[in-house]
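Peer 1: Have a look at this one.
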Amino acid sequence: MFKAVVIEKDEGGYRANVKDVDESELPEGDVTVRVSHSTLNYKDGLAITGRGPVVRKFPMVPGIDLVGTVEETSHPLYRVGDVVLLNGWGVGEGHWGGLAQKARLKGDWLVPLPSQFSPQQAMAIGTAGYTAMLCVLALERHGVTPDKGEILVTGAAGGVGSVAVCLLAKLGYTVVGVSGRPAESDYIKSLGASEVLERSAFASAGKPLGRERWAGAVDVVGSHTLANVCAATKYRGVVAACGLAGGMDFPATVAPFILRGVTLVGIDSVMCPRPERLLAWQRLGTDLDTSKLNLIANEIGLADAIPTATRLLDGQVRGRVIVDVNA
Ligand code: NDP
């Protein structure tokens, strides 16, 4: 038996509880992992609370991230005792995930734990941090170098935003954060932002084109915020869009794209091919100041994941949440 957060949906309603689960109930896979830590991402919040249609079958163990030790394997890349990590691939949505003491997975989904990180540090980064890295890689790929000007990061006190600020600052970019929490301004500056702007300035309908300010941007918010960011992006600037914390709509015009040559890059971490994942984790190993992870992450136990999911969706959690599944 092992402990897991289990989401059920039936005539009794939609609910998440910590339960004892028999190992025979684990899904199919060629690698069984003794999980040490998982995390809470925005998507885990949606899954646990049921506020978004993330879970595709029930009962479901949530947790889109995990790190742990291989216990059984028939996959050629992995041996018993290897420490591995997993982000995405629909785990925690359609396949049992990391908020459990055990997981059975496809070995093709796993990544060896990079040597620079402890298991806790890898989860302090988690999907949010790996997505922030994918956003930075996209800016680089499209030619945004530090000399081009300021980079805007929205939702800067959240998980993706916090790691994006850290990465960009260490790489020499001038970073401006956007946050709805004035009390977190000092935190965002301590991660490397030179300035923090108020979220409300971006949150409602703006003009098709504004004053050109941003050489690049990482947006986790979507909706009017993303439209306003595009409208204020400089000639040939680049916006990496990865989130919908403010809404899934995109009430914009084509003006920034056809008059200023702005590039809007979509970022998906879930199905991102393995070579790019390995590159993102390798770059996290060299470009993230790990001392900043102590500022970004808090650790909780398995049962606390359930109430913390609500706080996360309500925008009350700063940075990242590591879940010690054995506590
Ligand atoms: P968090 O909850 O940690 O951070 C989101 C942040 O967005 C909040 O901290 C808050 O920052 C800001 N925010 C919240 N609500 C609103 C709102 N209504 N309007 C404007 N800003 C808001 O989540 P994550 O960092 O884990 O994820 C952020 C987004 O990125 C989510 O939408 C998530 O689904 C998406 N995502 C996408 C991935 C992909 O593969 N494309 C992978 C990972 C995440 P502040 O308080 O500073 O304003």
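Ordering of the structure tokens sets the chain letters (A, B, ...), residue numbers begin anew at 1 in every chain, and ligands are numbered from 1 in the order given.
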Which residues are near ligand 1 in this structure, taking near to mean any atom at most 8 Å from a ligand atom and counting only C-alpha atoms and all ligand atoms? Format them as a ChimeraX atom specification.
Peer 2: /A:40-43,127-132,154-162,177-181,184,199,203,219-222,225,241-247,266-270,312-320
Peer 1: Which residues come within 8 Å of region 226-235 of chain A, counting only C-alpha atoms, excluding same-chain residues fewer than 2 positions away, as JSON, numbers by chain?
Peer 2: {"A": [202, 205, 206, 207, 208, 209, 210, 211, 212, 213, 214, 215, 216, 217, 219, 221, 222, 223, 224, 237, 238, 239, 241, 250, 251, 252, 253, 255, 256, 260, 261, 262, 264]}
Peer 1: Could you save those same residues with C-alpha atoms as a short mmCIF file (atom, residue, chain, number, x, y, z; two decimals), in the first residue's frame?
Peer 2:
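What landed in part_25.cif:
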data_model
loop_
_atom_site.label_atom_id
_atom_site.label_comp_id
_atom_site.auth_asym_id
_atom_site.auth_seq_id
_atom_site.Cartn_x
_atom_site.Cartn_y
_atom_site.Cartn_z
CA PHE A 202 -2.43 45.55 -18.09
CA ALA A 205 -8.82 46.54 -22.92
CA GLY A 206 -6.08 48.78 -24.33
CA LYS A 207 -5.15 50.31 -27.69
CA PRO A 208 -4.13 48.13 -30.66
CA LEU A 209 -0.66 49.71 -30.46
CA GLY A 210 1.00 51.43 -27.51
CA ARG A 211 4.37 53.04 -26.83
CA GLU A 212 7.11 50.56 -27.80
CA ARG A 213 8.83 49.39 -24.64
CA TRP A 214 9.51 45.63 -24.43
CA ALA A 215 12.22 43.84 -26.37
CA GLY A 216 10.68 40.60 -25.17
CA ALA A 217 8.14 39.22 -22.74
CA ASP A 219 3.40 36.02 -20.31
CA VAL A 221 -1.69 35.63 -17.84
CA GLY A 222 -3.26 35.69 -21.36
CA SER A 223 -6.41 37.72 -22.13
CA HIS A 224 -6.11 41.57 -22.08
CA GLY A 237 10.29 42.03 -30.37
CA VAL A 238 9.21 38.59 -29.14
CA VAL A 239 6.48 37.52 -26.73
CA ALA A 241 2.93 33.08 -24.22
CA PHE A 250 -6.92 36.81 -26.56
CA PRO A 251 -8.73 40.09 -27.34
CA ALA A 252 -6.02 41.58 -29.59
CA THR A 253 -5.57 43.03 -33.07
CA ALA A 255 -1.42 45.45 -35.56
CA PRO A 256 1.69 44.51 -33.48
CA ARG A 260 5.96 46.01 -35.90
CA GLY A 261 6.95 42.48 -36.91
CA VAL A 262 6.33 41.25 -33.39
CA LEU A 264 4.20 35.67 -30.62
#
Peer 1: Just the number, please: distance in Å from CA of Asn17 (chain A) to CA of Glu72 (chain A), one decimal.
Peer 2: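 Answer for the CA of Asn17 (chain A) to CA of Glu72 (chain A) separation: 27.0 Å.
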Peer 1: What is the distance, in Å and to one decimal place, between CA of Ala47 (chain A) and CA of Thr32 (chain A)?
Peer 2: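 Value for the CA of Ala47 (chain A)-CA of Thr32 (chain A) distance: 23.0 Å.
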Peer 1: If we count only C-alpha atoms and set the cut-off at 10 Å, which residues sit around region 274-282 of chain A, ignoring sequence neighbours fewer than 5 positions away in its own chain? Please answer as a PyMOL selection string.
Peer 2: chain A and resi 87+108-116+122+125+129-137+269+287
Peer 1: Give me the residues near Leu99 (chain A) as a count of residues only, where near means some atom within 7 Å (using only C-alpha atoms) and where sequence neighbours in that chain fewer than 6 positions away do not count.
Peer 2: 8
Peer 1: From the options A:Ile300, A:Leu197, A:Leu139, A:Met248, which residue's atoms come nearest to Thr263 (chain A), counting only C-alpha atoms?
Peer 2: A:Leu139
Peer 1: Could you write out, as a tab-separated table (two decimals) with N, CA, C and O atoms, in the first residue's frame, all the residues of region 3-219 of chain A that DSSP marks as strand (DSSP E or B)?
Peer 2:
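Heads up, here's the output in selection28.tsv:
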chain	number	residue	atom	x	y	z
A	3	LYS	N	0.56	5.88	0.03
A	3	LYS	CA	-0.36	7.03	0.18
A	3	LYS	C	-0.39	7.86	-1.10
A	3	LYS	O	0.66	8.05	-1.74
A	4	ALA	N	-1.56	8.36	-1.44
A	4	ALA	CA	-1.70	9.18	-2.64
A	4	ALA	C	-2.87	10.15	-2.46
A	4	ALA	O	-3.82	9.84	-1.73
A	5	VAL	N	-2.77	11.30	-3.11
A	5	VAL	CA	-3.95	12.15	-3.25
A	5	VAL	C	-4.80	11.51	-4.35
A	5	VAL	O	-4.28	11.24	-5.44
A	6	VAL	N	-6.05	11.23	-4.05
A	6	VAL	CA	-6.92	10.59	-5.05
A	6	VAL	C	-8.10	11.52	-5.33
A	6	VAL	O	-8.78	11.97	-4.39
A	7	ILE	N	-8.31	11.81	-6.61
A	7	ILE	CA	-9.46	12.63	-7.02
A	7	ILE	C	-10.55	11.70	-7.53
A	7	ILE	O	-10.29	10.84	-8.38
A	8	GLU	N	-11.74	11.88	-6.99
A	8	GLU	CA	-12.86	11.06	-7.44
A	8	GLU	C	-13.99	11.97	-7.90
A	8	GLU	O	-14.11	13.11	-7.42
A	9	LYS	N	-14.78	11.46	-8.84
A	9	LYS	CA	-15.96	12.21	-9.29
A	9	LYS	C	-17.07	11.19	-9.55
A	9	LYS	O	-16.91	10.32	-10.42
A	10	ASP	N	-18.13	11.31	-8.78
A	10	ASP	CA	-19.26	10.40	-8.95
A	10	ASP	C	-20.50	11.06	-8.33
A	10	ASP	O	-20.48	12.30	-8.12
A	13	GLY	N	-20.06	13.63	-5.78
A	13	GLY	CA	-19.45	14.92	-6.13
A	13	GLY	C	-18.00	14.79	-6.54
A	13	GLY	O	-17.49	13.67	-6.72
A	14	TYR	N	-17.34	15.95	-6.69
A	14	TYR	CA	-15.92	16.01	-7.09
A	14	TYR	C	-15.11	16.23	-5.83
A	14	TYR	O	-15.36	17.18	-5.09
A	15	ARG	N	-14.16	15.34	-5.52
A	15	ARG	CA	-13.44	15.49	-4.26
A	15	ARG	C	-12.03	14.92	-4.36
A	15	ARG	O	-11.77	14.02	-5.16
A	16	ALA	N	-11.14	15.48	-3.53
A	16	ALA	CA	-9.76	15.00	-3.44
A	16	ALA	C	-9.46	14.68	-1.99
A	16	ALA	O	-9.75	15.49	-1.09
A	17	ASN	N	-8.86	13.50	-1.75
A	17	ASN	CA	-8.50	13.07	-0.39
A	17	ASN	C	-7.21	12.28	-0.45
A	17	ASN	O	-6.89	11.67	-1.47
A	18	VAL	N	-6.49	12.26	0.68
A	18	VAL	CA	-5.35	11.35	0.78
A	18	VAL	C	-5.88	9.98	1.14
A	18	VAL	O	-6.68	9.84	2.07
A	19	LYS	N	-5.45	8.96	0.36
A	19	LYS	CA	-5.95	7.59	0.59
A	19	LYS	C	-4.79	6.60	0.56
A	19	LYS	O	-3.75	6.90	-0.03
A	20	ASP	N	-5.02	5.44	1.13
A	20	ASP	CA	-4.09	4.32	0.98
A	20	ASP	C	-4.49	3.56	-0.27
A	20	ASP	O	-5.66	3.18	-0.42
A	21	VAL	N	-3.52	3.37	-1.15
A	21	VAL	CA	-3.82	2.73	-2.44
A	21	VAL	C	-2.98	1.46	-2.55
A	21	VAL	O	-1.81	1.44	-2.15
A	31	VAL	N	8.40	1.61	-15.94
A	31	VAL	CA	9.27	2.01	-14.84
A	31	VAL	C	8.39	2.34	-13.62
A	31	VAL	O	7.44	3.11	-13.72
A	32	THR	N	8.73	1.73	-12.48
A	32	THR	CA	8.04	2.07	-11.23
A	32	THR	C	8.98	2.92	-10.40
A	32	THR	O	10.15	2.58	-10.23
A	33	VAL	N	8.47	4.05	-9.91
A	33	VAL	CA	9.30	5.02	-9.19
A	33	VAL	C	8.80	5.17	-7.76
A	33	VAL	O	7.60	5.34	-7.54
A	34	ARG	N	9.76	5.09	-6.80
A	34	ARG	CA	9.43	5.45	-5.42
A	34	ARG	C	9.60	6.97	-5.33
A	34	ARG	O	10.70	7.49	-5.41
A	35	VAL	N	8.47	7.66	-5.27
A	35	VAL	CA	8.49	9.13	-5.36
A	35	VAL	C	9.00	9.71	-4.04
A	35	VAL	O	8.61	9.27	-2.96
A	36	SER	N	9.88	10.72	-4.14
A	36	SER	CA	10.28	11.42	-2.91
A	36	SER	C	9.54	12.77	-2.81
A	36	SER	O	9.07	13.12	-1.74
A	37	HIS	N	9.48	13.48	-3.93
A	37	HIS	CA	8.83	14.81	-3.91
A	37	HIS	C	8.02	15.04	-5.17
A	37	HIS	O	8.35	14.52	-6.23
A	38	SER	N	6.98	15.85	-5.02
A	38	SER	CA	6.21	16.34	-6.16
A	38	SER	C	6.08	17.85	-5.96
A	38	SER	O	6.83	18.43	-5.16
A	39	THR	N	5.18	18.46	-6.67
A	39	THR	CA	5.02	19.91	-6.55
A	39	THR	C	3.54	20.27	-6.72
A	39	THR	O	2.71	19.42	-6.98
A	40	LEU	N	3.26	21.55	-6.59
A	40	LEU	CA	1.93	22.05	-6.94
A	40	LEU	C	2.11	23.12	-8.01
A	40	LEU	O	2.76	24.13	-7.77
A	60	MET	N	-8.28	9.63	-10.19
A	60	MET	CA	-7.02	10.14	-10.71
A	60	MET	C	-6.12	10.56	-9.55
A	60	MET	O	-6.60	11.15	-8.58
A	65	ASP	N	4.33	16.80	-11.82
A	65	ASP	CA	5.77	16.69	-11.61
A	65	ASP	C	6.04	15.61	-10.57
A	65	ASP	O	5.28	15.47	-9.61
A	66	LEU	N	7.18	14.95	-10.72
A	66	LEU	CA	7.66	14.09	-9.63
A	66	LEU	C	9.15	13.86	-9.78
A	66	LEU	O	9.72	13.97	-10.86
A	67	VAL	N	9.76	13.52	-8.64
A	67	VAL	CA	11.15	13.06	-8.64
A	67	VAL	C	11.21	11.87	-7.70
A	67	VAL	O	10.46	11.81	-6.71
A	68	GLY	N	12.05	10.89	-8.03
A	68	GLY	CA	12.14	9.71	-7.16
A	68	GLY	C	13.15	8.72	-7.69
A	68	GLY	O	13.89	8.99	-8.64
A	69	THR	N	13.15	7.55	-7.06
A	69	THR	CA	14.15	6.52	-7.35
A	69	THR	C	13.48	5.35	-8.07
A	69	THR	O	12.40	4.90	-7.64
A	70	VAL	N	14.13	4.87	-9.13
A	70	VAL	CA	13.58	3.74	-9.89
A	70	VAL	C	13.62	2.48	-9.02
A	70	VAL	O	14.66	2.12	-8.48
A	71	GLU	N	12.45	1.84	-8.93
A	71	GLU	CA	12.33	0.65	-8.09
A	71	GLU	C	12.25	-0.62	-8.94
A	71	GLU	O	12.75	-1.66	-8.55
A	72	GLU	N	11.59	-0.50	-10.09
A	72	GLU	CA	11.49	-1.63	-11.04
A	72	GLU	C	11.57	-1.02	-12.43
A	72	GLU	O	11.00	0.06	-12.65
A	73	THR	N	12.24	-1.70	-13.35
A	73	THR	CA	12.33	-1.14	-14.70
A	73	THR	C	12.54	-2.23	-15.75
A	73	THR	O	13.30	-3.18	-15.51
A	83	VAL	N	17.95	8.02	-10.08
A	83	VAL	CA	17.04	9.08	-9.65
A	83	VAL	C	16.55	9.81	-10.90
A	83	VAL	O	17.36	10.25	-11.73
A	84	VAL	N	15.24	9.86	-11.05
A	84	VAL	CA	14.64	10.37	-12.28
A	84	VAL	C	13.62	11.47	-11.96
A	84	VAL	O	13.11	11.54	-10.84
A	85	LEU	N	13.34	12.27	-12.98
A	85	LEU	CA	12.30	13.26	-12.78
A	85	LEU	C	11.35	13.26	-13.95
A	85	LEU	O	11.71	12.81	-15.05
A	86	LEU	N	10.14	13.73	-13.70
A	86	LEU	CA	9.11	13.75	-14.75
A	86	LEU	C	8.34	15.06	-14.71
A	86	LEU	O	8.02	15.56	-13.62
A	87	ASN	N	8.10	15.62	-15.88
A	87	ASN	CA	7.26	16.82	-16.00
A	87	ASN	C	6.28	16.60	-17.16
A	87	ASN	O	6.71	16.42	-18.30
A	91	VAL	N	0.65	13.31	-17.37
A	91	VAL	CA	0.65	12.67	-16.07
A	91	VAL	C	-0.05	13.60	-15.07
A	91	VAL	O	0.15	14.82	-15.10
A	95	HIS	N	-3.06	10.06	-16.64
A	95	HIS	CA	-2.26	8.94	-16.12
A	95	HIS	C	-1.88	9.32	-14.69
A	95	HIS	O	-1.52	10.47	-14.43
A	100	ALA	N	1.89	11.19	-4.80
A	100	ALA	CA	1.75	9.82	-4.30
A	100	ALA	C	3.14	9.30	-3.95
A	100	ALA	O	4.12	9.81	-4.46
A	102	LYS	N	4.17	6.38	-4.79
A	102	LYS	CA	4.63	5.53	-5.91
A	102	LYS	C	3.98	5.97	-7.20
A	102	LYS	O	2.84	6.47	-7.20
A	103	ALA	N	4.71	5.76	-8.30
A	103	ALA	CA	4.14	6.03	-9.63
A	103	ALA	C	4.68	5.00	-10.61
A	103	ALA	O	5.82	4.54	-10.46
A	104	ARG	N	3.84	4.61	-11.56
A	104	ARG	CA	4.32	3.74	-12.64
A	104	ARG	C	4.12	4.50	-13.95
A	104	ARG	O	3.02	5.00	-14.24
A	105	LEU	N	5.21	4.59	-14.72
A	105	LEU	CA	5.25	5.53	-15.84
A	105	LEU	C	5.92	4.90	-17.05
A	105	LEU	O	6.59	3.87	-16.92
A	111	VAL	N	13.34	11.88	-17.24
A	111	VAL	CA	14.61	12.58	-17.48
A	111	VAL	C	15.49	12.26	-16.27
A	111	VAL	O	15.01	12.32	-15.13
A	112	PRO	N	16.77	11.90	-16.49
A	112	PRO	CA	17.63	11.69	-15.33
A	112	PRO	C	17.76	12.99	-14.54
A	112	PRO	O	17.83	14.07	-15.13
A	151	ILE	N	12.89	43.21	-20.69
A	151	ILE	CA	12.02	42.03	-20.85
A	151	ILE	C	10.96	42.09	-19.75
A	151	ILE	O	11.27	42.25	-18.57
A	152	LEU	N	9.70	41.93	-20.16
A	152	LEU	CA	8.59	41.96	-19.21
A	152	LEU	C	8.22	40.54	-18.80
A	152	LEU	O	8.13	39.65	-19.66
A	153	VAL	N	7.99	40.32	-17.51
A	153	VAL	CA	7.52	39.01	-17.03
A	153	VAL	C	6.24	39.25	-16.24
A	153	VAL	O	6.24	39.95	-15.22
A	175	VAL	N	15.09	43.07	-16.38
A	175	VAL	CA	13.78	42.43	-16.23
A	175	VAL	C	12.82	43.35	-15.49
A	175	VAL	O	13.16	43.91	-14.44
A	176	VAL	N	11.63	43.48	-16.04
A	176	VAL	CA	10.56	44.22	-15.37
A	176	VAL	C	9.44	43.22	-15.06
A	176	VAL	O	8.98	42.50	-15.95
A	177	GLY	N	9.05	43.15	-13.80
A	177	GLY	CA	7.99	42.22	-13.41
A	177	GLY	C	6.63	42.92	-13.38
A	177	GLY	O	6.55	44.13	-13.21
A	178	VAL	N	5.58	42.11	-13.57
A	178	VAL	CA	4.21	42.61	-13.35
A	178	VAL	C	3.60	41.76	-12.26
A	178	VAL	O	3.68	40.53	-12.31
A	179	SER	N	2.98	42.41	-11.27
A	179	SER	CA	2.37	41.64	-10.20
A	179	SER	C	1.14	42.36	-9.66
A	179	SER	O	1.08	43.59	-9.63
A	195	GLU	N	12.43	46.53	-11.76
A	195	GLU	CA	11.22	47.33	-11.52
A	195	GLU	C	10.03	46.37	-11.47
A	195	GLU	O	10.06	45.32	-12.12
A	196	VAL	N	8.99	46.74	-10.73
A	196	VAL	CA	7.78	45.92	-10.71
A	196	VAL	C	6.57	46.82	-10.99
A	196	VAL	O	6.39	47.85	-10.33
A	197	LEU	N	5.80	46.44	-12.01
A	197	LEU	CA	4.63	47.23	-12.39
A	197	LEU	C	3.36	46.58	-11.85
A	197	LEU	O	3.29	45.36	-11.67
A	198	GLU	N	2.34	47.39	-11.67
A	198	GLU	CA	1.06	46.95	-11.10
A	198	GLU	C	0.24	46.21	-12.18
A	198	GLU	O	0.11	46.68	-13.32
A	214	TRP	N	8.90	46.94	-24.78
A	214	TRP	CA	9.51	45.63	-24.43
A	214	TRP	C	10.24	45.01	-25.60
A	214	TRP	O	9.70	44.88	-26.69
A	215	ALA	N	11.48	44.59	-25.35
A	215	ALA	CA	12.22	43.84	-26.37
A	215	ALA	C	11.72	42.41	-26.41
A	215	ALA	O	11.78	41.72	-27.42
A	216	GLY	N	11.20	41.96	-25.26
A	216	GLY	CA	10.68	40.60	-25.17
A	216	GLY	C	9.79	40.49	-23.96
A	216	GLY	O	9.78	41.39	-23.10
A	217	ALA	N	9.03	39.41	-23.90
A	217	ALA	CA	8.14	39.22	-22.74
A	217	ALA	C	7.88	37.74	-22.53
A	217	ALA	O	7.90	36.95	-23.47
A	218	VAL	N	7.63	37.40	-21.25
A	218	VAL	CA	7.16	36.07	-20.87
A	218	VAL	C	5.80	36.30	-20.22
A	218	VAL	O	5.71	37.00	-19.20
A	219	ASP	N	4.75	35.76	-20.83
A	219	ASP	CA	3.40	36.02	-20.31
A	219	ASP	C	2.74	34.76	-19.80
A	219	ASP	O	2.59	33.78	-20.54
Peer 1: With only C-alpha atoms as the counted atoms, please give the residues lying no more than 7 Å from Ala124 (chain A), apart from itself and same-chain residues fewer than 5 positions off, as an NGL selection string.
Peer 2: :A and (293 or 297 or 320-322)
